[in-house]
$ cat my_file17.tsv   # TSV, C-alpha atoms
chain	number	residue	atom	x	y	z
A	1	MET	CA	-38.92	38.89	-17.38
A	2	SER	CA	-38.44	38.28	-13.69
A	3	THR	CA	-38.40	34.94	-11.97
A	4	ALA	CA	-38.48	34.41	-8.21
A	5	PHE	CA	-35.89	31.99	-6.77
A	6	TYR	CA	-36.44	30.64	-3.28
A	7	LEU	CA	-33.65	28.58	-1.74
A	8	ASN	CA	-34.74	27.28	1.65
A	9	ASN	CA	-32.36	26.12	4.37
A	10	ALA	CA	-32.95	22.46	3.45
A	11	GLY	CA	-31.31	22.79	0.03
A	12	GLU	CA	-34.55	22.98	-1.94
A	13	LEU	CA	-34.53	25.51	-4.73
A	14	THR	CA	-37.99	26.55	-5.88
A	15	ILE	CA	-38.40	28.63	-8.99
A	16	ALA	CA	-41.66	30.51	-9.19
A	17	LYS	CA	-43.40	32.86	-11.54
A	18	PRO	CA	-44.08	36.21	-9.86
A	19	SER	CA	-47.83	36.47	-9.45
A	20	ALA	CA	-50.26	38.69	-7.59
A	21	LYS	CA	-52.76	35.85	-7.30
A	22	THR	CA	-51.04	32.78	-5.93
A	23	PHE	CA	-47.75	31.05	-5.22
A	24	GLU	CA	-46.90	29.69	-8.64
A	25	PRO	CA	-43.91	27.33	-8.54
A	26	ILE	CA	-42.58	26.28	-11.93
A	27	ALA	CA	-39.87	23.88	-10.82
A	28	GLN	CA	-38.22	22.54	-7.71
A	29	TYR	CA	-34.73	21.09	-7.43
A	30	ALA	CA	-32.73	19.52	-4.61
A	31	VAL	CA	-29.43	21.40	-4.88
A	32	SER	CA	-27.83	20.33	-1.61
A	33	THR	CA	-28.03	17.59	0.97
A	34	GLY	CA	-26.62	19.92	3.62
A	35	ALA	CA	-28.02	23.09	5.13
A	36	THR	CA	-28.17	26.10	2.83
A	37	TRP	CA	-28.24	29.45	4.61
A	38	ALA	CA	-26.51	31.63	2.04
A	39	HIS	CA	-28.11	33.30	-0.94
A	40	PRO	CA	-27.16	31.62	-4.18
A	41	ALA	CA	-25.31	33.67	-6.80
A	42	ILE	CA	-26.15	33.75	-10.48
A	43	ILE	CA	-23.38	33.91	-13.07
A	44	GLY	CA	-24.31	33.56	-16.71
A	45	LYS	CA	-26.39	30.42	-16.97
A	46	HIS	CA	-25.18	28.98	-13.69
A	47	ILE	CA	-26.44	29.22	-10.16
A	48	ILE	CA	-23.80	28.89	-7.46
A	49	VAL	CA	-24.98	27.26	-4.24
A	50	LYS	CA	-23.04	27.38	-0.99
A	51	ASP	CA	-23.95	24.87	1.70
A	52	THR	CA	-22.29	23.87	4.96
A	53	ALA	CA	-19.75	21.66	3.19
A	54	ALA	CA	-19.27	22.77	-0.40
A	55	LEU	CA	-19.79	25.22	-3.21
A	56	SER	CA	-21.57	23.84	-6.26
A	57	ALA	CA	-22.64	25.16	-9.65
A	58	TRP	CA	-25.92	24.20	-11.32
A	59	SER	CA	-26.92	24.82	-14.87
A	60	LEU	CA	-29.98	27.00	-15.39
A	61	GLU	CA	-30.58	25.84	-18.93
B	62	MET	CA	-19.60	27.05	5.99
B	63	GLY	CA	-21.53	30.00	7.25
B	64	HIS	CA	-24.34	32.18	6.01
B	65	ALA	CA	-22.21	34.58	3.95
B	66	SER	CA	-23.36	34.40	0.34
B	67	PRO	CA	-21.02	33.83	-2.58
B	68	ILE	CA	-20.61	36.87	-4.79
B	69	VAL	CA	-19.70	37.25	-8.42
B	70	TYR	CA	-17.23	39.79	-9.80
B	71	ASP	CA	-15.26	39.90	-13.01
B	72	GLY	CA	-16.40	36.41	-14.01
B	73	LYS	CA	-15.20	34.88	-10.74
B	74	VAL	CA	-16.92	33.67	-7.60
B	75	PHE	CA	-15.75	34.88	-4.20
B	76	VAL	CA	-16.59	32.83	-1.14
B	77	PHE	CA	-16.20	33.85	2.47
B	78	THR	CA	-16.20	30.78	4.70
B	79	ARG	CA	-14.69	29.10	7.76
B	80	LYS	CA	-12.18	26.30	8.22
B	81	ASP	CA	-12.10	25.29	11.87
B	82	GLU	CA	-10.94	28.34	13.81
B	83	GLN	CA	-9.98	30.32	10.72
B	84	GLU	CA	-12.04	32.49	8.42
B	85	ALA	CA	-11.13	31.93	4.80
B	86	VAL	CA	-11.68	33.66	1.48
B	87	TYR	CA	-11.61	31.78	-1.81
B	88	CYS	CA	-11.64	33.11	-5.33
B	89	VAL	CA	-12.84	30.43	-7.73
B	90	ASN	CA	-13.30	30.17	-11.41
B	91	ALA	CA	-17.04	30.08	-12.15
B	92	ALA	CA	-16.92	27.47	-14.91
B	93	GLU	CA	-15.03	24.68	-13.10
B	94	GLY	CA	-14.84	25.77	-9.48
B	95	LYS	CA	-11.03	25.81	-9.65
B	96	ILE	CA	-9.46	27.75	-6.76
B	97	LEU	CA	-7.55	30.76	-8.10
B	98	TRP	CA	-6.42	32.07	-4.72
B	99	GLN	CA	-7.24	31.61	-1.06
B	100	LYS	CA	-6.44	33.44	2.16
B	101	SER	CA	-7.24	32.69	5.79
B	102	TYR	CA	-6.68	34.18	9.21
B	103	PRO	CA	-7.42	33.12	12.81
B	104	ALA	CA	-10.97	33.96	13.89
B	105	PRO	CA	-11.94	31.84	16.90
B	106	TYR	CA	-15.55	32.35	17.94
B	107	GLU	CA	-17.87	31.12	20.66
B	108	MET	CA	-21.38	30.93	19.23
B	109	ASN	CA	-24.32	31.82	21.45
B	110	PHE	CA	-25.69	28.61	22.93
B	111	ALA	CA	-29.15	29.14	21.41
B	112	ALA	CA	-27.71	29.23	17.90
B	113	ILE	CA	-24.96	26.60	18.01
B	114	ALA	CA	-26.67	24.65	15.23
B	115	HIS	CA	-26.07	27.60	12.90
B	116	GLY	CA	-22.33	27.22	13.22
B	117	LYS	CA	-19.70	29.92	13.61
B	118	GLY	CA	-20.34	31.83	10.41
B	119	PRO	CA	-19.16	33.90	8.80
B	120	LYS	CA	-22.57	35.43	8.24
B	121	ALA	CA	-21.95	38.77	6.55
B	122	THR	CA	-21.78	38.61	2.76
B	123	PRO	CA	-18.61	40.30	1.49
B	124	VAL	CA	-18.62	43.14	-1.00
B	125	ILE	CA	-16.34	43.96	-3.91
B	126	ASN	CA	-15.76	47.44	-5.20
B	127	ASN	CA	-13.11	48.60	-7.64
B	128	SER	CA	-11.20	45.28	-7.42
B	129	LYS	CA	-11.11	45.35	-3.62
B	130	LEU	CA	-12.85	42.63	-1.63
B	131	PHE	CA	-14.11	43.56	1.84
B	132	THR	CA	-15.06	40.96	4.47
B	133	PHE	CA	-16.61	41.44	7.90
B	134	GLY	CA	-16.05	38.28	9.95
B	135	ILE	CA	-18.32	36.85	12.63
B	136	SER	CA	-16.14	38.16	15.46
B	137	GLY	CA	-15.87	41.64	13.93
B	138	ILE	CA	-12.64	41.47	11.92
B	139	VAL	CA	-12.77	43.74	8.86
B	140	SER	CA	-10.39	42.88	6.00
B	141	CYS	CA	-9.65	44.34	2.61
B	142	PHE	CA	-8.10	42.07	-0.05
B	143	ASP	CA	-6.97	42.71	-3.58
B	144	ALA	CA	-9.65	40.82	-5.53
B	145	VAL	CA	-7.19	39.94	-8.28
B	146	ASN	CA	-4.53	38.12	-6.23
B	147	GLY	CA	-5.83	38.01	-2.65
B	148	GLU	CA	-3.14	40.29	-1.22
B	149	LEU	CA	-4.22	41.73	2.14
B	150	LYS	CA	-4.50	45.52	1.86
B	151	TRP	CA	-5.55	46.24	5.44
B	152	ARG	CA	-7.29	44.71	8.43
B	153	LYS	CA	-9.08	46.28	11.41
B	154	GLU	CA	-10.58	44.90	14.58
B	155	PHE	CA	-12.20	46.82	17.41
B	156	SER	CA	-11.59	44.81	20.58
B	157	LYS	CA	-9.71	47.71	22.18
B	158	LYS	CA	-12.65	50.04	21.59
B	159	PHE	CA	-15.52	47.73	22.48
B	160	ALA	CA	-15.78	44.96	25.10
B	161	LYS	CA	-17.86	42.88	22.69
B	162	THR	CA	-17.02	42.89	18.99
B	163	SER	CA	-20.13	41.14	17.71
B	164	PRO	CA	-23.85	41.19	18.49
B	165	ALA	CA	-25.66	38.30	20.22
B	166	PHE	CA	-25.54	35.88	17.25
B	167	GLY	CA	-22.39	37.10	15.54
B	168	VAL	CA	-21.68	39.78	12.95
B	169	SER	CA	-24.16	39.44	10.12
B	170	PHE	CA	-24.15	43.01	8.81
B	171	SER	CA	-23.16	42.70	5.15
B	172	PRO	CA	-20.99	45.76	4.57
B	173	LEU	CA	-21.42	48.06	1.61
B	174	VAL	CA	-19.25	50.54	-0.21
B	175	GLU	CA	-20.46	54.05	-1.05
B	176	GLU	CA	-18.36	57.08	-2.00
B	177	ASN	CA	-15.08	55.34	-1.16
B	178	MET	CA	-16.30	54.40	2.30
B	179	LEU	CA	-16.92	50.93	3.68
B	180	ILE	CA	-19.95	50.94	5.98
B	181	VAL	CA	-19.77	48.53	8.94
B	182	HIS	CA	-21.52	48.34	12.31
B	183	VAL	CA	-18.84	47.29	14.78
B	184	GLY	CA	-19.04	46.47	18.49
B	185	GLY	CA	-21.56	44.29	20.29
B	186	SER	CA	-24.67	44.24	22.44
B	187	ASN	CA	-25.49	47.64	23.96
B	188	LYS	CA	-22.35	49.32	22.67
B	189	GLY	CA	-21.12	49.71	19.18
B	190	ALA	CA	-20.62	52.09	16.29
B	191	LEU	CA	-21.90	52.38	12.78
B	192	MET	CA	-18.72	53.41	11.00
B	193	ALA	CA	-17.49	54.55	7.65
B	194	LEU	CA	-13.96	53.32	6.90
B	195	ASP	CA	-11.75	54.70	4.16
B	196	VAL	CA	-11.63	51.96	1.50
B	197	ALA	CA	-7.96	52.66	0.80
B	198	THR	CA	-6.63	52.55	4.37
B	199	GLY	CA	-9.36	51.33	6.73
B	200	GLU	CA	-9.11	54.58	8.70
B	201	THR	CA	-12.33	55.74	10.37
B	202	LYS	CA	-14.00	58.61	8.49
B	203	TRP	CA	-16.98	58.86	10.83
B	204	SER	CA	-18.53	56.90	13.65
B	205	TRP	CA	-22.09	57.00	15.05
B	206	GLU	CA	-22.22	55.41	18.48
B	207	GLY	CA	-25.95	55.65	19.22
B	208	ASP	CA	-26.68	51.92	19.41
B	209	GLY	CA	-25.20	48.44	19.21
B	210	PRO	CA	-25.37	46.47	15.97
B	211	GLY	CA	-28.41	44.44	14.95
B	212	HIS	CA	-28.26	41.48	12.57
B	213	ALA	CA	-29.71	43.21	9.51
B	214	SER	CA	-27.72	44.63	6.62
B	215	PRO	CA	-27.72	48.28	5.57
B	216	ILE	CA	-28.91	50.03	2.44
B	217	VAL	CA	-28.04	53.49	1.16
B	218	VAL	CA	-30.95	55.61	0.01
B	219	GLU	CA	-31.04	59.18	-1.24
B	220	VAL	CA	-33.94	61.08	0.34
B	221	GLU	CA	-34.51	64.77	-0.47
B	222	GLY	CA	-31.01	64.97	-1.89
B	223	VAL	CA	-29.34	63.49	1.20
B	224	LYS	CA	-27.77	60.04	0.99
B	225	GLN	CA	-28.43	58.06	4.14
B	226	VAL	CA	-27.42	54.70	5.52
B	227	ILE	CA	-30.63	52.97	6.60
B	228	THR	CA	-30.48	49.85	8.72
B	229	GLN	CA	-31.86	48.04	11.73
B	230	THR	CA	-29.56	48.41	14.72
B	231	GLN	CA	-29.97	46.50	17.99
B	232	ASN	CA	-32.95	48.62	19.10
B	233	TYR	CA	-33.85	50.99	16.26
B	234	CYS	CA	-34.42	51.56	12.59
B	235	VAL	CA	-32.12	54.45	11.75
B	236	GLY	CA	-31.16	56.82	8.98
B	237	VAL	CA	-27.61	58.17	9.31
B	238	ALA	CA	-26.13	60.71	6.89
B	239	LEU	CA	-23.65	59.03	4.55
B	240	THR	CA	-21.30	62.01	4.37
B	241	ASP	CA	-20.75	62.66	8.09
B	242	GLY	CA	-22.45	59.93	10.14
B	243	LYS	CA	-24.97	62.30	11.72
B	244	LEU	CA	-28.17	60.63	12.97
B	245	LEU	CA	-31.06	61.97	10.87
B	246	TRP	CA	-33.93	59.94	12.32
B	247	GLN	CA	-34.57	56.82	14.35
B	248	MET	CA	-37.56	54.73	15.37
B	249	PRO	CA	-37.56	52.26	18.25
B	250	PHE	CA	-37.65	48.74	16.80
B	251	THR	CA	-37.00	45.75	19.01
B	252	THR	CA	-37.48	42.02	18.65
B	253	ASP	CA	-37.17	39.25	21.22
B	254	TYR	CA	-33.54	38.32	22.00
B	255	ASP	CA	-32.20	41.21	19.90
B	256	GLN	CA	-33.10	39.60	16.61
B	257	ASN	CA	-33.36	42.63	14.33
B	258	ILE	CA	-32.43	40.78	11.16
B	259	VAL	CA	-34.44	41.83	8.12
B	260	THR	CA	-32.67	44.16	5.69
B	261	PRO	CA	-34.81	47.18	4.75
B	262	LEU	CA	-36.15	47.54	1.25
B	263	VAL	CA	-36.85	50.67	-0.76
B	264	TYR	CA	-40.12	50.91	-2.63
B	265	LYS	CA	-40.66	54.23	-4.44
B	266	ASP	CA	-40.49	56.84	-1.67
B	267	THR	CA	-41.00	54.39	1.18
B	268	ILE	CA	-38.74	52.13	3.23
B	269	ILE	CA	-40.12	48.74	4.21
B	270	PHE	CA	-39.14	47.14	7.53
B	271	SER	CA	-40.03	43.84	9.13
B	272	GLY	CA	-39.00	41.65	12.04
B	273	LEU	CA	-40.00	38.71	14.16
B	274	ASP	CA	-43.60	39.27	15.35
B	275	LYS	CA	-43.45	42.87	14.17
B	276	GLY	CA	-45.48	42.58	10.99
B	277	THR	CA	-44.28	44.41	7.91
B	278	SER	CA	-44.49	48.17	7.58
B	279	ALA	CA	-43.67	50.96	5.18
B	280	PHE	CA	-42.39	54.36	6.25
B	281	ARG	CA	-41.94	57.57	4.34
B	282	VAL	CA	-38.84	59.51	5.33
B	283	SER	CA	-39.05	63.26	4.86
B	284	LYS	CA	-37.48	66.49	5.98
B	285	SER	CA	-39.11	69.67	7.13
B	286	GLY	CA	-36.70	72.47	8.00
B	287	ASN	CA	-33.78	70.67	9.59
B	288	ALA	CA	-35.90	67.96	11.14
B	289	TRP	CA	-36.19	64.53	9.58
B	290	ARG	CA	-39.00	62.17	10.32
B	291	ALA	CA	-40.16	58.70	9.35
B	292	GLU	CA	-43.91	58.43	9.08
B	293	GLN	CA	-45.79	55.14	8.80
B	294	VAL	CA	-47.61	54.65	5.49
B	295	TRP	CA	-48.98	51.16	6.13
B	296	HIS	CA	-48.58	48.33	8.57
B	297	ASN	CA	-49.43	44.74	7.76
B	298	THR	CA	-49.83	42.80	11.01
B	299	GLU	CA	-50.35	39.40	9.34
B	300	MET	CA	-46.95	38.90	7.75
B	301	SER	CA	-43.75	39.03	9.80
B	302	MET	CA	-40.34	38.04	8.55
B	303	TYR	CA	-37.73	36.52	10.81
B	304	MET	CA	-34.34	35.73	9.24
B	305	SER	CA	-35.31	36.03	5.60
B	306	SER	CA	-35.25	39.38	3.77
B	307	PRO	CA	-37.91	40.14	1.15
B	308	VAL	CA	-37.55	41.01	-2.53
B	309	LEU	CA	-39.55	43.32	-4.76
B	310	VAL	CA	-40.71	42.51	-8.25
B	311	ASP	CA	-42.41	45.60	-9.67
B	312	ASP	CA	-45.11	46.59	-7.14
B	313	LEU	CA	-45.21	43.30	-5.28
B	314	LEU	CA	-43.18	42.23	-2.28
B	315	TYR	CA	-42.35	38.55	-1.86
B	316	GLY	CA	-41.16	37.14	1.43
B	317	LEU	CA	-41.07	34.22	3.82
B	318	SER	CA	-43.18	34.56	6.95
B	319	ASP	CA	-42.15	32.52	9.97
B	320	LYS	CA	-45.76	31.46	10.54
B	321	ARG	CA	-46.80	27.84	9.94
B	322	ARG	CA	-43.14	26.74	9.82
B	323	GLY	CA	-42.36	28.99	6.88
B	324	GLN	CA	-44.93	30.37	4.53
B	325	TYR	CA	-44.16	32.27	1.36
B	326	PHE	CA	-46.32	35.33	0.86
B	327	CYS	CA	-46.89	38.24	-1.44
B	328	LEU	CA	-48.12	41.68	-0.53
B	329	GLU	CA	-48.91	44.82	-2.40
B	330	ALA	CA	-46.06	47.27	-1.79
B	331	THR	CA	-48.30	50.34	-2.23
B	332	THR	CA	-50.85	49.36	0.43
B	333	GLY	CA	-49.34	46.48	2.40
B	334	LYS	CA	-52.32	44.28	1.62
B	335	THR	CA	-51.60	40.52	1.73
B	336	LEU	CA	-52.30	39.05	-1.72
B	337	TRP	CA	-51.54	35.39	-1.06
B	338	THR	CA	-49.79	32.97	1.25
B	339	SER	CA	-48.40	29.58	0.28
B	340	GLU	CA	-48.73	26.29	2.09
B	341	GLY	CA	-46.70	26.11	5.30
B	342	ARG	CA	-43.53	24.12	6.05
B	343	GLN	CA	-41.47	25.84	3.36
B	344	GLY	CA	-38.47	26.10	5.65
B	345	GLU	CA	-37.05	27.83	8.68
B	346	ASN	CA	-35.35	30.26	6.34
B	347	ALA	CA	-35.22	30.98	2.63
B	348	ALA	CA	-32.97	33.10	0.46
B	349	LEU	CA	-35.08	34.97	-2.07
B	350	LEU	CA	-33.79	36.31	-5.36
B	351	ASN	CA	-35.46	38.28	-8.11
B	352	VAL	CA	-33.72	36.86	-11.17
B	353	ASN	CA	-34.01	38.67	-14.47
B	354	GLY	CA	-33.53	37.24	-17.88
B	355	VAL	CA	-33.59	33.55	-16.99
B	356	LEU	CA	-36.57	31.97	-18.66
B	357	PHE	CA	-38.30	28.87	-17.42
B	358	GLU	CA	-41.01	27.14	-19.36
$ encode --input "my_file17.tsv" --output "structure tokens"
Amino acid sequence: MSTAFYLNNAGELTIAKPSAKTFEPIAQYAVSTGATWAHPAIIGKHIIVKDTAALSAWSLE
Amino acid sequence: MGHASPIVYDGKVFVFTRKDEQEAVYCVNAAEGKILWQKSYPAPYEMNFAAIAHGKGPKATPVINNSKLFTFGISGIVSCFDAVNGELKWRKEFSKKFAKTSPAFGVSFSPLVEENMLIVHVGGSNKGALMALDVATGETKWSWEGDGPGHASPIVVEVEGVKQVITQTQNYCVGVALTDGKLLWQMPFTTDYDQNIVTPLVYKDTIIFSGLDKGTSAFRVSKSGNAWRAEQVWHNTEMSMYMSSPVLVDDLLYGLSDKRRGQYFCLEATTGKTLWTSEGRQGENAALLNVNGVLFE
């Protein structure tokens, strides 16, 4: 099953269910207080977020 | 720092970043973030005044192939590191060949490796070269000098048995033969202030392009005799992407339009029809990922 991850440049990670009908967010997390321009990377059950100051890992469970 | 995305290889995370006037590469352990090795080199850069807030990069996401890490810095420095211990294998820069070594807003062409060649678009505004470098030595295998670099990243697609590098350059969408660098086809494609940014996407037998105020369009690349052409299949004028590249999930394309201060949208990849748009104010930019196998309830 696919899930769409949207990380905007303000450090907000939105997880959405792919849908042909509407934008369907499932969850939203603040993963950075700095600007996030880079794509996050997924490794196992972690998502790695790079912002203007640091690299951080977040659990996806 | 920078827009370059972290990448994962062999259970480790590789980060291409900047520390003051140096570009730096870190290899970190994914579980604790412990630094396993780090390397840096001088890479001073003067960012275009209009984009100072974006910092000095690096912007191009590195690539790893066969335990070699390749970086393409904001000022055009190409490096190859041993991914295991960080040892520098080779480094190239092109300031002797080109007066400018990066496009208007800095190198943001994420290189890729295909058939033992590293694909990079070197040079700057109005003069540059899409090049294939030998992964072992950094020597130039071929060079196409038809246009300066854009800010998009390349993809490699096999069409009618011919592998081609497809990308947005400064003024065109192009298909260049992977084996010898010959230009197969090109279409004029320009955006205000040379902001060709969106990485093309393959959907079945079409290539999807977008850009600031350009809408989103799909082209079918084909060959008749020795002549290649790219023919438009659909053009959606409602949804334009700016800095954010789209993703495909099955037959649907998801992206971020720059309208209404950032609006997520979905369109049908077979017809280009807009299926929905989200509320506005989602952000100036967004990194989209199609993540498989992670379940959310």
$ atom_distance --input "my_file17.tsv" --atom1 "atom CA of B:Gly272" --atom2 "atom CA of B:Trp246"
19.0 Å
$ interface_residues --input "my_file17.tsv" --of "chain B" --to "chain A" --cutoff "7 Å" --atoms "all atoms listed in the file" --output "list in words"
Met62, Gly63, His64, Ala65, Ser66, Pro67, Ile68, Val69, Leu336, Trp337, Ser339, Gly344, Glu345, Asn346, Ala347, Ala348, Leu349, Leu350, Asn351, Val352, Asn353 and Gly354 of chain B
$ axis_aligned_box --input "my_file17.tsv" --around "stretch 171-181 of chain B" --padding-each-side "5 Å" --output "JSON"
{"center_x": -19.1, "center_y": 49.9, "center_z": 3.5, "size_x": 18.1, "size_y": 24.4, "size_z": 20.9}
$ atom_distance --input "my_file17.tsv" --atom1 "atom CA of B:Leu317" --atom2 "atom CA of B:Thr251"
19.5 Å
$ closest_residue --input "my_file17.tsv" --among "B:Asn109, B:Ser306, B:Thr335, B:Gln225" --to "B:Ile258" --atoms "all atoms listed in the file"
B:Ser306
$ closest_residue --input "my_file17.tsv" --among "B:Val263, B:Val217, B:Ala104, B:Cys141" --to "B:Leu194" --atoms "only C-alpha atoms"
B:Cys141
$ atom_distance --input "my_file17.tsv" --atom1 "atom CA of B:Gly184" --atom2 "atom CA of B:Ile138"
10.4 Å
